[in-house]
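For reference, start.csv (CSV, C-alpha atoms):
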chain,number,residue,atom,x,y,z
A,1,MET,CA,102.1,177.7,91.1
A,2,HIS,CA,99.6,177.4,94.0
A,3,PRO,CA,97.8,174.0,93.9
A,4,LEU,CA,94.4,175.6,93.5
A,5,ALA,CA,95.6,177.8,90.7
A,6,ARG,CA,97.1,174.8,89.0
A,7,ARG,CA,93.9,172.8,89.4
A,8,GLY,CA,91.8,175.7,88.1
A,9,ALA,CA,94.1,176.0,85.1
A,10,ALA,CA,93.8,172.3,84.3
A,11,VAL,CA,90.0,172.5,84.5
A,12,CYS,CA,90.0,175.5,82.1
A,13,LEU,CA,92.1,173.4,79.8
A,14,LEU,CA,89.6,170.6,80.1
A,15,GLN,CA,86.7,172.8,79.3
A,16,ILE,CA,88.2,174.6,76.2
A,17,ALA,CA,89.5,171.3,74.8
A,18,LEU,CA,86.3,169.4,74.9
A,19,TRP,CA,84.4,170.0,71.6
A,20,GLY,CA,82.5,167.1,70.2
A,21,TRP,CA,79.5,165.4,68.8
A,22,GLY,CA,76.6,167.0,70.7
A,23,VAL,CA,73.4,165.9,72.2
A,24,GLN,CA,72.6,162.9,70.1
A,25,ALA,CA,74.1,159.7,71.5
A,26,GLN,CA,77.0,158.1,69.8
A,27,GLY,CA,77.5,161.0,67.5
A,28,ALA,CA,74.6,160.2,65.2
A,29,SER,CA,74.6,162.4,62.1
A,30,VAL,CA,71.7,164.8,61.5
A,31,PRO,CA,70.8,165.2,57.8
A,32,PRO,CA,70.7,168.8,56.7
A,33,GLU,CA,67.0,168.8,55.9
A,34,ASP,CA,66.5,167.9,59.6
A,35,LEU,CA,68.4,171.0,60.9
A,36,ALA,CA,65.4,173.2,60.2
A,37,ALA,CA,63.2,170.9,62.2
A,38,ARG,CA,65.7,170.8,65.1
A,39,PHE,CA,65.9,174.6,65.0
A,40,GLU,CA,62.1,174.9,65.2
A,41,GLN,CA,62.1,172.3,68.0
A,42,LEU,CA,64.6,174.4,70.1
A,43,ARG,CA,62.7,177.6,69.4
A,44,ARG,CA,59.3,176.1,70.5
A,45,GLN,CA,60.6,174.3,73.6
A,46,GLY,CA,62.1,177.4,75.0
A,47,ALA,CA,65.8,176.6,74.6
A,48,VAL,CA,68.2,179.4,75.7
A,49,GLN,CA,68.3,182.2,73.1
A,50,LEU,CA,71.5,184.3,73.0
A,51,GLY,CA,70.3,187.9,72.9
A,52,GLN,CA,67.9,188.9,70.1
A,53,LYS,CA,69.6,186.8,67.4
A,54,PRO,CA,68.2,183.4,66.3
A,55,VAL,CA,70.9,181.5,68.2
A,56,PHE,CA,69.8,178.7,70.5
A,57,LEU,CA,71.8,176.7,73.1
A,58,GLU,CA,71.1,173.4,74.8
A,59,SER,CA,73.3,171.4,77.1
A,60,ILE,CA,73.0,168.0,78.8
A,61,GLU,CA,75.0,166.5,81.7
A,62,THR,CA,75.2,162.8,82.4
A,63,PRO,CA,77.5,160.9,84.8
A,64,GLU,CA,79.7,159.8,82.0
A,65,ARG,CA,79.4,162.5,79.4
A,66,LEU,CA,78.9,166.2,78.9
A,67,GLU,CA,77.1,167.3,75.7
A,68,GLY,CA,76.3,170.6,74.1
A,69,GLU,CA,74.8,172.2,71.1
A,70,VAL,CA,74.4,175.6,69.5
A,71,LEU,CA,72.1,176.0,66.5
A,72,ALA,CA,72.1,179.4,64.8
A,73,LEU,CA,70.7,181.1,61.7
A,74,ILE,CA,73.5,183.1,60.3
A,75,ASP,CA,73.7,185.6,57.5
A,76,HIS,CA,76.2,183.8,55.3
A,77,PRO,CA,75.7,181.6,52.2
A,78,VAL,CA,76.0,177.9,53.0
A,79,GLN,CA,78.6,177.3,50.3
A,80,GLN,CA,80.8,180.1,51.7
A,81,VAL,CA,80.5,178.6,55.2
A,82,ARG,CA,81.3,175.1,54.1
A,83,ALA,CA,84.2,176.1,51.9
A,84,ALA,CA,85.8,178.0,54.8
A,85,LEU,CA,85.2,175.5,57.6
A,86,SER,CA,86.4,172.5,55.6
A,87,GLN,CA,90.0,173.7,55.7
A,88,ALA,CA,92.0,172.5,58.7
A,89,ALA,CA,94.1,175.7,58.9
A,90,VAL,CA,91.0,177.8,59.2
A,91,TRP,CA,90.2,176.1,62.5
A,92,CYS,CA,93.5,177.5,63.9
A,93,ASP,CA,92.3,181.0,63.1
A,94,ILE,CA,89.0,180.1,64.9
A,95,LEU,CA,90.4,178.3,68.0
A,96,ILE,CA,93.1,180.9,68.8
A,97,LEU,CA,90.3,183.5,69.5
A,98,HIS,CA,89.5,181.7,72.7
A,99,LEU,CA,91.2,183.0,75.8
A,100,ASN,CA,92.8,179.6,76.7
A,101,VAL,CA,94.1,178.5,73.3
A,102,LYS,CA,97.7,179.5,73.3
A,103,TYR,CA,98.8,177.8,70.0
A,104,CYS,CA,97.3,176.0,67.0
A,105,ARG,CA,99.0,174.6,63.9
A,106,ALA,CA,97.6,172.5,61.1
A,107,ALA,CA,99.7,169.8,59.4
A,108,ARG,CA,99.2,167.0,57.0
A,109,ARG,CA,100.8,163.7,58.0
A,110,SER,CA,101.0,160.1,56.7
A,111,GLY,CA,98.5,157.7,58.1
A,112,PRO,CA,97.8,154.0,57.7
A,113,THR,CA,95.3,154.7,55.0
A,114,GLY,CA,96.9,157.8,53.5
A,115,ALA,CA,97.5,161.4,54.3
A,116,ILE,CA,95.5,162.9,57.3
A,117,ASP,CA,95.0,166.4,58.4
A,118,THR,CA,95.8,167.2,62.1
A,119,LEU,CA,95.6,170.1,64.4
A,120,GLU,CA,98.3,170.6,67.2
A,121,VAL,CA,96.6,172.6,69.9
A,122,GLY,CA,98.2,174.1,73.0
A,123,LEU,CA,95.9,174.9,75.9
A,124,GLY,CA,96.8,177.2,78.8
A,125,ARG,CA,95.6,179.9,81.2
A,126,LYS,CA,94.0,183.3,80.5
A,127,PHE,CA,97.2,185.2,80.2
A,128,ASP,CA,100.4,185.0,78.1
A,129,GLU,CA,102.6,182.0,79.0
A,130,PRO,CA,105.4,180.0,77.4
A,131,LEU,CA,104.4,176.9,75.4
A,132,SER,CA,106.5,174.8,77.8
A,133,GLY,CA,103.7,175.3,80.4
A,134,VAL,CA,100.7,174.4,78.2
A,135,HIS,CA,98.8,171.2,77.7
A,136,TRP,CA,98.7,169.7,74.2
A,137,LEU,CA,95.9,168.0,72.2
A,138,ASP,CA,96.3,166.4,68.8
A,139,PHE,CA,93.1,166.5,66.8
A,140,ARG,CA,92.5,164.5,63.6
A,141,PHE,CA,90.6,166.7,61.2
A,142,ARG,CA,88.1,165.5,58.6
A,143,ALA,CA,85.6,167.3,56.4
A,144,GLY,CA,83.1,166.3,53.8
A,145,PRO,CA,80.1,163.9,53.3
A,146,SER,CA,82.3,160.9,54.1
A,147,VAL,CA,82.7,161.9,57.7
A,148,ALA,CA,79.5,160.0,58.7
A,149,GLY,CA,76.6,158.3,57.1
A,150,PRO,CA,75.4,155.0,55.8
A,151,ALA,CA,78.2,152.8,54.5
A,152,GLY,CA,78.2,152.4,50.8
A,153,LEU,CA,76.0,155.4,50.1
A,154,PRO,CA,78.4,158.2,49.0
A,155,GLY,CA,76.9,161.6,49.6
A,156,ALA,CA,74.1,160.2,51.8
A,157,SER,CA,75.3,162.1,54.9
A,158,PRO,CA,75.4,165.9,55.0
A,159,PRO,CA,78.7,167.8,54.7
A,160,ALA,CA,80.3,168.0,58.1
A,161,VAL,CA,83.5,169.0,59.8
A,162,GLU,CA,84.9,166.8,62.6
A,163,LEU,CA,87.8,167.0,65.0
A,164,LEU,CA,88.7,164.0,67.0
A,165,ALA,CA,91.1,163.4,69.9
A,166,PRO,CA,90.9,160.0,71.6
A,167,GLU,CA,92.4,161.4,74.8
A,168,GLY,CA,92.4,164.7,76.6
A,169,PRO,CA,93.6,166.3,79.9
A,170,LEU,CA,92.5,165.0,83.3
A,171,GLY,CA,91.4,161.6,82.1
A,172,THR,CA,88.9,162.8,79.5
A,173,ARG,CA,88.5,160.8,76.3
A,174,ASP,CA,86.6,160.6,73.0
A,175,ILE,CA,86.8,164.4,72.5
A,176,ARG,CA,84.9,165.3,69.3
A,177,ILE,CA,83.9,168.4,67.4
A,178,ARG,CA,81.2,168.4,64.7
A,179,VAL,CA,79.8,171.3,62.7
A,180,GLN,CA,77.0,170.7,60.2
A,181,THR,CA,75.2,173.2,58.0
A,182,ALA,CA,72.1,173.5,55.9
A,183,GLU,CA,70.9,176.1,53.5
A,184,VAL,CA,67.8,178.2,54.2
A,185,ALA,CA,66.0,178.8,50.9
A,186,GLU,CA,65.3,182.3,49.8
A,187,VAL,CA,61.8,183.6,50.7
A,188,PRO,CA,60.3,187.1,50.3
A,189,GLU,CA,60.9,187.8,54.1
A,190,VAL,CA,64.5,186.6,53.8
A,191,PRO,CA,65.9,188.4,50.8
A,192,LYS,CA,69.4,186.9,51.1
A,193,ARG,CA,70.7,183.4,51.5
A,194,ARG,CA,71.2,182.3,55.1
A,195,THR,CA,72.7,179.2,56.7
A,196,LEU,CA,71.6,177.0,59.7
A,197,LEU,CA,74.8,176.2,61.5
A,198,GLN,CA,74.9,173.5,64.2
A,199,LEU,CA,78.0,173.3,66.5
A,200,ARG,CA,77.9,170.2,68.6
A,201,TYR,CA,80.4,168.8,71.1
A,202,ALA,CA,80.8,166.1,73.8
A,203,TYR,CA,83.4,164.3,75.7
A,204,ALA,CA,83.6,161.3,78.0
A,205,GLN,CA,84.9,161.9,81.5
A,206,GLY,CA,86.5,159.5,84.0
A,207,PRO,CA,86.7,159.7,87.8
A,208,SER,CA,89.8,161.9,87.7
A,209,ALA,CA,88.0,164.5,85.4
A,210,ARG,CA,84.9,164.5,87.7
A,211,TRP,CA,87.1,165.0,90.8
A,212,ALA,CA,89.1,167.8,89.3
A,213,LEU,CA,85.9,169.6,88.1
A,214,GLN,CA,84.3,169.3,91.5
A,215,MET,CA,87.4,170.6,93.3
A,216,TYR,CA,87.5,173.6,90.9
A,217,LEU,CA,83.8,174.3,91.3
A,218,GLY,CA,84.2,174.4,95.0
A,219,THR,CA,87.1,176.9,94.9
A,220,LEU,CA,88.1,179.1,91.9
A,221,GLY,CA,85.0,178.3,89.8
A,222,ARG,CA,82.4,178.6,92.5
A,223,HIS,CA,81.0,181.9,91.0
A,224,LYS,CA,80.8,180.7,87.4
A,225,VAL,CA,77.3,180.6,85.9
A,226,GLY,CA,75.9,179.5,82.6
A,227,PHE,CA,73.1,180.6,80.4
A,228,SER,CA,70.3,178.1,81.1
A,229,LEU,CA,67.8,178.9,83.9
A,230,VAL,CA,67.1,176.2,86.5
A,231,PRO,CA,65.1,176.1,89.7
A,232,GLU,CA,66.9,177.8,92.6
A,233,ARG,CA,66.2,174.7,94.7
A,234,ALA,CA,66.2,171.2,93.2
A,235,ASP,CA,63.4,170.1,95.5
A,236,ARG,CA,61.2,173.0,94.3
A,237,PRO,CA,61.0,172.7,90.5
A,238,GLY,CA,58.3,175.4,90.3
A,239,GLY,CA,60.2,177.9,92.3
A,240,LEU,CA,62.5,180.8,91.4
A,241,LEU,CA,64.9,180.3,88.5
A,242,GLN,CA,68.6,181.1,88.5
A,243,PRO,CA,71.4,180.6,86.0
A,244,VAL,CA,72.8,177.1,86.0
A,245,THR,CA,76.0,176.5,88.0
A,246,GLY,CA,78.4,173.6,88.2
A,247,VAL,CA,79.7,171.6,85.4
A,248,ARG,CA,76.9,172.5,83.0
A,249,ALA,CA,77.7,176.2,83.5
A,250,LEU,CA,81.3,175.6,82.4
A,251,LEU,CA,80.1,173.5,79.5
A,252,GLU,CA,77.7,176.3,78.3
A,253,ARG,CA,80.3,179.0,78.6
A,254,THR,CA,82.7,177.1,76.5
A,255,THR,CA,80.1,176.2,73.9
A,256,VAL,CA,79.1,179.8,73.4
A,257,ARG,CA,82.7,181.1,73.3
A,258,TYR,CA,83.5,178.7,70.4
A,259,TYR,CA,80.3,179.4,68.5
A,260,LEU,CA,81.2,183.1,68.7
A,261,ALA,CA,84.7,182.3,67.4
A,262,VAL,CA,83.2,180.5,64.3
A,263,ASP,CA,80.8,183.5,63.8
A,264,ALA,CA,83.6,186.0,64.2
A,265,TYR,CA,85.7,184.2,61.6
A,266,LEU,CA,82.9,184.2,59.1
A,267,GLU,CA,82.1,187.9,59.7
A,268,ALA,CA,85.7,188.8,59.1
A,269,LEU,CA,85.6,187.3,55.6
A,270,ALA,CA,83.9,190.5,54.4
A,271,VAL,CA,87.1,192.6,54.7
A,272,PRO,CA,90.5,192.3,52.9
A,273,GLN,CA,92.7,189.4,54.2
A,274,ALA,CA,95.2,191.8,55.7
A,275,GLN,CA,92.5,193.2,58.0
A,276,GLN,CA,90.8,189.9,58.9
A,277,LEU,CA,92.8,189.1,62.1
A,278,GLU,CA,92.0,192.4,63.7
A,279,ARG,CA,88.4,192.1,62.6
A,280,ARG,CA,88.1,188.6,64.1
A,281,LEU,CA,89.6,189.7,67.4
A,282,ALA,CA,87.2,192.7,67.6
A,283,GLU,CA,84.2,190.7,66.6
A,284,TRP,CA,84.8,187.9,69.1
A,285,PHE,CA,85.6,190.2,72.0
A,286,ALA,CA,82.5,192.4,71.3
A,287,ALA,CA,80.3,189.4,71.1
A,288,THR,CA,81.5,188.0,74.5
A,289,GLU,CA,81.0,191.4,76.1
A,290,ARG,CA,77.2,191.1,75.3
A,291,HIS,CA,77.2,188.3,78.0
A,292,PRO,CA,79.3,189.9,80.7
A,293,ARG,CA,78.1,187.7,83.6
A,294,GLN,CA,79.0,184.5,81.8
A,295,LEU,CA,81.9,185.5,79.6
A,296,ARG,CA,83.8,188.5,80.8
A,297,GLU,CA,87.3,187.7,81.9
A,298,LEU,CA,89.7,190.3,80.4
A,299,ASP,CA,89.7,193.9,79.2
A,300,TRP,CA,90.1,194.6,75.5
A,301,GLU,CA,93.7,195.8,75.6
A,302,THR,CA,94.9,192.8,77.6
A,303,TYR,CA,93.0,190.4,75.3
A,304,VAL,CA,94.1,191.8,72.0
A,305,GLN,CA,97.8,192.2,72.9
A,306,MET,CA,97.9,188.6,74.2
A,307,LYS,CA,96.2,187.3,71.0
A,308,ARG,CA,98.5,189.2,68.6
A,309,LEU,CA,101.5,187.6,70.2
A,310,GLU,CA,100.0,184.1,70.2
A,311,VAL,CA,98.9,184.4,66.5
A,312,TYR,CA,102.5,185.4,65.6
A,313,ARG,CA,103.9,182.6,67.7
A,314,GLN,CA,101.9,179.9,66.0
A,315,GLN,CA,103.3,180.7,62.6
A,316,SER,CA,106.3,178.5,63.5
A,317,ALA,CA,106.7,175.1,65.0
A,318,PRO,CA,106.2,175.0,68.8
A,319,THR,CA,109.1,175.1,71.1
A,320,GLY,CA,109.1,173.6,74.6
A,321,ARG,CA,106.7,170.8,73.8
A,322,PRO,CA,107.5,167.5,75.5

Structure encoded using structure tokens:
Amino acid sequence: MHPLARRGAAVCLLQIALWGWGVQAQGASVPPEDLAARFEQLRRQGAVQLGQKPVFLESIETPERLEGEVLALIDHPVQQVRAALSQAAVWCDILILHLNVKYCRAARRSGPTGAIDTLEVGLGRKFDEPLSGVHWLDFRFRAGPSVAGPAGLPGASPPAVELLAPEGPLGTRDIRIRVQTAEVAEVPEVPKRRTLLQLRYAYAQGPSARWALQMYLGTLGRHKVGFSLVPERADRPGGLLQPVTGVRALLERTTVRYYLAVDAYLEALAVPQAQQLERRLAEWFAATERHPRQLRELDWETYVQMKRLEVYRQQSAPTGRP
């Protein structure tokens, strides 16, 4: 493989792997009653809104860490959402929708304090490739009120889902995924129950990760843009605005793709189980096509054929893993 192509593939792996805690430092938990306040804060401060739906995006870049958040009001009952997302195997159905996820398999293993749920995830490029060529992440999966919260106070923290990988590709570390939900009470203007869903992620990056990203952004990724609008010139904050570029652009594209994967999974629950895979694929692809400048990579036929093969492949243990 050409060195630039290999570097670009590695950066793509980095971006799709790096889910995590989100914009609050140290992964502080947000009580469910505060999600409504956070939602209103994002709405009032002019956070990025994805289309006409009540879905808001925020991202933050620091020298050591990249952090992102999507907060959305979705048309699903909170108990249905929590029941679905609290299952480790469900996350393989979600993650595989992403272009760069080539394999995902849930397992329960013995740990020092008892059984633990894990996700074995293979990350690759935006086309079909053998598992011998992908990069691997091993996530620990946890769900429920014990994920975070004051010690000694069972149930004090909100139900949450967390995936944790201490190390990732290109010198990244502390890769975390957190999803929290809160119920929106029924009111006359909202006749059915809805859920506030917060998807947050962050990862720490070392010198090698920063170098790889900068090299990618100077070559294969130089035309990638995100969703936030920033001044065209940093020295003229009041000037013309343009979509964010650089590392934040990659972060935002990944954030939105994974939120759309969660949403596609929940939408597909409305059809019989035998039809859900095709519905998930169609929902995810259609949603990404609403943001062509940021998210369009493949045509429908290429995408769906690739994903059908990958879903079939992940029904068995991986071959070719080091």

Q: Go through A:Gln275, A:Thr195, A:Thr288, A:Ser59 one by one, measure the shortest atom-to-atom distance of each to Leu229 of chain A using only C-alpha atoms, and give the residue with the smallest value.
A: A:Ser59

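Of the listed residues (A:Val271, A:Ile96, A:Ala143, A:Val256), A:Ile96 comes nearest to Tyr312 of chain A; the distances count all atoms listed in the file.
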
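Take the candidates A:Gly206, A:Pro292, A:Pro159, A:Gly114 and check each one against Arg82 of chain A using only C-alpha atoms; the shortest distance goes to A:Pro159.
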
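Near segment 132-136 of chain A, within a cut-off of 6 Å and counting all atoms listed in the file, sit the residues A:Val121, A:Gly122, A:Leu123, A:Gly124, A:Gly320, A:Arg321, with same-chain residues fewer than 6 positions away left out.
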
Output C-alpha atoms for every residue in that selection, as a short mmCIF file (atom, residue, chain, number, x, y, z; two decimals), in the coordinates of the input.
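Wrote selection_33.cif, looks like this:
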data_model
loop_
_atom_site.label_atom_id
_atom_site.label_comp_id
_atom_site.auth_asym_id
_atom_site.auth_seq_id
_atom_site.Cartn_x
_atom_site.Cartn_y
_atom_site.Cartn_z
CA VAL A 121 96.60 172.60 69.90
CA GLY A 122 98.20 174.10 73.00
CA LEU A 123 95.90 174.90 75.90
CA GLY A 124 96.80 177.20 78.80
CA GLY A 320 109.10 173.60 74.60
CA ARG A 321 106.70 170.80 73.80
#

(Q) So that I can see what lies close to Ala182 of chain A, please list as a VMD selection string the residues with an atom at most 12 Å from it, counting only C-alpha atoms and leaving out residues fewer than 6 positions away in the same chain. (A) chain A and resid 30 to 39 71 to 74 76 to 82 157 to 160 193 to 198

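Across the model, the gap from atom CA of Pro54 of chain A to atom CA of Glu183 of chain A is 15.0 Å.
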
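Using only C-alpha atoms, the set of residues no farther than 9 Å from the position (95.4, 186.6, 70.2) comprises Ile96, Leu97, His98, Leu99, Val101, Lys102, Leu277, Leu281, Tyr303, Val304, Gln305, Met306, Lys307, Arg308, Leu309, Glu310, Val311 and Tyr312 of chain A.
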
Q. What is the distance between atom CA of Phe56 of chain A and atom CA of Arg257 of chain A, in Å to one decimal?
A. 13.4 Å

Q. Using all atoms listed in the file, which of A:Asp128, A:Ile116, A:Met215, A:Glu64 sits nearest Arg173 of chain A?
A. A:Glu64
